[in-house]
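> Sharing a structure here in structure tokens format.
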There are 2 protein chains.
Amino acid sequence: MNLMEAASGYLQIGELSRRSGVSTELLRAWERRYGLLRPARSEGGFRLYSPQDERRVTVMRNHLERGLSAAQAARLTLEEAERRPDEAPALARGIESLRDALDALDETAAHTALDRLLSDFSVETVLGEVVLPYLHELGERWARGEASVADEHFASNLLRGRLLGLARGWDGGSGPRALLACAPGEQHDLALIVFGLVLRELGWRITFLGPDTPLDTLDDATRTLEPAAVVIAASSPERIAGDEVSLRKLARNAPLWIAGAGASSVVGKKTGARQLDGDPLGAAALVARAQRE
Amino acid sequence: MNLMEAASGYLQIGELSRRSGVSTELLRAWERRYGLLRPARSEGGFRLYSPQDERRVTVMRNHLERGLSAAQAARLTLEEAERRPDEAPALARGIESLRDALDALDETAAHTALDRLLSDFSVETVLGEVVLPYLHELGERWARGEASVADEHFASNLLRGRLLGLARGWDGGSGPRALLACAPGEQHDLALIVFGLVLRELGWRITFLGPDTPLDTLDDATRTLEPAAVVIAASSPERIAGDEVSLRKLARNAPLWIAGAGASSVVGKKTGARQLDGDPLGAAALVARAQRE
DNA sequence: AAATGTCTGTTCAACTTCTGTACAATGAAC
DNA sequence: GTTCATTGTACAGAAGTTGAACAGACATTT
């Protein structure tokens, strides 16, 4: 790295190319064709890329990897860069007021914050950018002993109410049906509700049996409804670990998925169940893709 | 995948084909034959599919799998897409479907839209972000001659019914009492009902005397109920302009507020009445604050 | 001065998509 | 049985898109 780069944090095209894995020719082409980058220039005319430019290249590559055409990827990258100063703070503010309200056990303020968010952003955005991050954070604070049981209950109940409100009518329509339930003893249903909402957006009909569902109840429902997917949420292995036989029976009647930290112990050939990890958004996409095949 | 990004990411036909499992030829055929998709075009003429298009393909496939013919499936898909225009923030979507329903004099659809809104949002949000803006817009269209008397009556009556439904039990509880009435000759009570609902949310008990209330009736009620506030709605000055004496008498027995465009001519020291201007939400907050002092 | 890196502008080849037409399989209508 | 519309698929030739390459001039470093 030369002096200019070291001092200012600016990169020449070669170094940016090495870091990003995009050839120098292509970096110039993206600049010329889509205006993706606006590097400053040295006295001699060399391009000097800022850290923001570097991030744009990363974002551009991510979009390309998802299958967008170069032109679309560039447009989207620029749009996001444009929008970031506007939308991101609004979302951040929303998250903050929601957290403050929930921490203060202030129901009215929490609803107001959610009203605000849902009026400004789509349901998917609110779920993915606010609700899930908040639940994650709450879980971590609870694990560290920073959040009380009361906090956790209050927030869960309030959010559950709102999410179930959004879920109204989610079993209507004509798409494939998914049967959702929490494993026996499992009380945490929020992430599963979010998962159902996202799957609903993908055109599915959702039947939700709620927390603490006995496996034979689930089996009955499976025979009746003949769903295209059955999803069981289990936050720890012991919820279902002893019940491989029931699971195997379930998996014979419908594609069976186990979600949550308790999944890994029972998935596989023994039970015929498949694992759903990661966030509810990605999980929903995965289930939908599997159904199409 | 970040759903917010996906919201504006346009796909070319090849990528949509890979994701949906429908061949490119067939995608084009569905567009040509049934108008199933309406992709935008790039400068060079390439089809650019929106996430809504992607969802339509999913729905179309669902219908086909259930044995419908392609033509029927497409027709159904288009109908459903018409009914469920997603992606927009929930509140904006709600406003639009309410307006569409009221403009079409479609009572069922209007109630459905309101149900949806009230299940997704708090009463105050629905009032402030939907009902009041709609009434305002309707008033303007009426002034420009774009809305007929029938439109205005239909919308008013339907909304009045819903609002009074929300108002059920609003005189119960233990908070301060407000006495609400429209001035003599005044028929427009909707904004006053909204005002009452918001005040109710703030913990007040509401007594509502309705449109066209004689001032001496109001005076009787004031002596009986001893309210913490009396609010008179008057959309034009002549409703009350000649009655300063009655107003003065009223104001001696309870804090008196005059709301609406007719207020300014009579407020002040002469009558002891105070003005309430602006929107009902702000007005309610103002009355509540005044009472606390 | 030599070596290396970067500049602009142009060209190219691989790939994708476009439009339009054609065709085979299916099943309903006559 | 024949006719006909429906529907998924196939192909040809033109055009759009995009990553890569090259040439000749200039910049920077050693």
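Chains: A, B, ... in order of the structure tokens. Residues: from 1 per chain. Ligands: from 1, in order shown.
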Enumerate as a PyMOL selection string the residues belonging to chain C that approach chain A to within 10 Å, with only C-alpha atoms (C1' of nucleotides) taken into account.
chain C and resi 5-7
> Residues of chain B within 10 Å of chain A, counting only C-alpha atoms - could you list those as a count of residues only?
57
> Region 45-109 of chain B: which residues are alpha helix (DSSP H) by DSSP, as a PyMOL selection string?
chain B and resi 51-65+70-83+90-103+107-109
> Any idea what's packed within 12 Å of DA13 (chain C), counting only C-alpha atoms (C1' of nucleotides), ignoring anything in its chain fewer than 4 positions away? Could you give it as a ChimeraX atom specification?
/D:18-21
> Keeping only N, CA and C atoms (P, O5', C5', C4', C3', O3' and C1' of nucleotides), write the selected residues to a file as a PDB file, in the first residue's frame.

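Result file part_5.pdb:
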```pdb
ATOM      1  P    DT D  18     -26.226  -6.137 -17.875  1.00  0.00           P
ATOM      2  O5'  DT D  18     -24.792  -6.832 -18.012  1.00  0.00           O
ATOM      3  C5'  DT D  18     -24.742  -8.245 -18.053  1.00  0.00           C
ATOM      4  C4'  DT D  18     -23.312  -8.697 -18.254  1.00  0.00           C
ATOM      5  C3'  DT D  18     -22.268  -7.832 -17.539  1.00  0.00           C
ATOM      6  O3'  DT D  18     -21.347  -8.690 -16.936  1.00  0.00           O
ATOM      7  C1'  DT D  18     -21.675  -8.111 -19.791  1.00  0.00           C
ATOM      8  P    DG D  19     -20.756  -8.278 -15.494  1.00  0.00           P
ATOM      9  O5'  DG D  19     -19.354  -9.032 -15.520  1.00  0.00           O
ATOM     10  C5'  DG D  19     -19.328 -10.426 -15.755  1.00  0.00           C
ATOM     11  C4'  DG D  19     -18.166 -10.771 -16.656  1.00  0.00           C
ATOM     12  C3'  DG D  19     -16.802 -10.295 -16.154  1.00  0.00           C
ATOM     13  O3'  DG D  19     -15.917 -11.402 -16.163  1.00  0.00           O
ATOM     14  C1'  DG D  19     -17.142  -9.637 -18.421  1.00  0.00           C
ATOM     15  P    DA D  20     -14.417 -11.199 -15.626  1.00  0.00           P
ATOM     16  O5'  DA D  20     -13.610 -11.022 -16.993  1.00  0.00           O
ATOM     17  C5'  DA D  20     -13.788 -12.000 -18.006  1.00  0.00           C
ATOM     18  C4'  DA D  20     -13.036 -11.581 -19.241  1.00  0.00           C
ATOM     19  C3'  DA D  20     -11.598 -11.117 -18.981  1.00  0.00           C
ATOM     20  O3'  DA D  20     -10.718 -11.911 -19.764  1.00  0.00           O
ATOM     21  C1'  DA D  20     -12.758  -9.597 -20.401  1.00  0.00           C
ATOM     22  P    DA D  21      -9.141 -11.803 -19.502  1.00  0.00           P
ATOM     23  O5'  DA D  21      -8.672 -11.034 -20.819  1.00  0.00           O
ATOM     24  C5'  DA D  21      -9.212 -11.422 -22.067  1.00  0.00           C
ATOM     25  C4'  DA D  21      -8.828 -10.394 -23.115  1.00  0.00           C
ATOM     26  C3'  DA D  21      -7.408  -9.838 -22.926  1.00  0.00           C
ATOM     27  O3'  DA D  21      -6.650 -10.099 -24.088  1.00  0.00           O
ATOM     28  C1'  DA D  21      -9.001  -8.096 -23.281  1.00  0.00           C
TER      29       DA D  21
END
```
> Could you pull out the residues in region 70-197 of chain A that DSSP calls strand (DSSP E) from the backbone, as an mmCIF file with all heavy atoms, in the first residue's frame?

```cif
data_model
loop_
_atom_site.group_PDB
_atom_site.id
_atom_site.type_symbol
_atom_site.label_atom_id
_atom_site.label_comp_id
_atom_site.auth_asym_id
_atom_site.auth_seq_id
_atom_site.Cartn_x
_atom_site.Cartn_y
_atom_site.Cartn_z
ATOM 1 N N ARG A 177 -50.603 -26.229 2.202
ATOM 2 C CA ARG A 177 -50.868 -25.956 3.608
ATOM 3 C C ARG A 177 -49.661 -26.350 4.460
ATOM 4 O O ARG A 177 -49.010 -27.357 4.210
ATOM 5 C CB ARG A 177 -52.093 -26.745 4.061
ATOM 6 C CG ARG A 177 -52.478 -26.500 5.512
ATOM 7 C CD ARG A 177 -53.624 -27.397 5.927
ATOM 8 N NE ARG A 177 -54.853 -27.072 5.227
ATOM 9 C CZ ARG A 177 -55.672 -26.072 5.564
ATOM 10 N NH1 ARG A 177 -55.352 -25.297 6.581
ATOM 11 N NH2 ARG A 177 -56.770 -25.857 4.905
ATOM 12 N N ALA A 178 -49.375 -25.537 5.447
ATOM 13 C CA ALA A 178 -48.333 -25.874 6.414
ATOM 14 C C ALA A 178 -48.969 -26.004 7.793
ATOM 15 O O ALA A 178 -49.837 -25.218 8.163
ATOM 16 C CB ALA A 178 -47.252 -24.802 6.441
ATOM 17 N N LEU A 179 -48.550 -27.019 8.501
ATOM 18 C CA LEU A 179 -49.042 -27.240 9.855
ATOM 19 C C LEU A 179 -47.911 -26.892 10.816
ATOM 20 O O LEU A 179 -46.828 -27.483 10.757
ATOM 21 C CB LEU A 179 -49.464 -28.704 9.999
ATOM 22 C CG LEU A 179 -50.085 -29.129 11.327
ATOM 23 C CD1 LEU A 179 -51.332 -28.315 11.619
ATOM 24 C CD2 LEU A 179 -50.431 -30.616 11.272
ATOM 25 N N LEU A 180 -48.167 -25.941 11.700
ATOM 26 C CA LEU A 180 -47.128 -25.427 12.593
ATOM 27 C C LEU A 180 -47.485 -25.749 14.036
ATOM 28 O O LEU A 180 -48.620 -25.548 14.460
ATOM 29 C CB LEU A 180 -47.006 -23.907 12.435
ATOM 30 C CG LEU A 180 -46.109 -23.328 11.353
ATOM 31 C CD1 LEU A 180 -46.260 -24.047 10.042
ATOM 32 C CD2 LEU A 180 -46.356 -21.839 11.189
ATOM 33 N N ALA A 181 -46.488 -26.168 14.800
ATOM 34 C CA ALA A 181 -46.746 -26.437 16.204
ATOM 35 C C ALA A 181 -45.451 -26.378 16.997
ATOM 36 O O ALA A 181 -44.367 -26.634 16.459
ATOM 37 C CB ALA A 181 -47.385 -27.810 16.373
ATOM 38 N N CYS A 182 -45.572 -26.039 18.279
ATOM 39 C CA CYS A 182 -44.422 -26.133 19.169
ATOM 40 C C CYS A 182 -44.386 -27.538 19.761
ATOM 41 O O CYS A 182 -45.423 -28.141 20.033
ATOM 42 C CB CYS A 182 -44.534 -25.121 20.302
ATOM 43 S SG CYS A 182 -44.481 -23.414 19.744
#
```
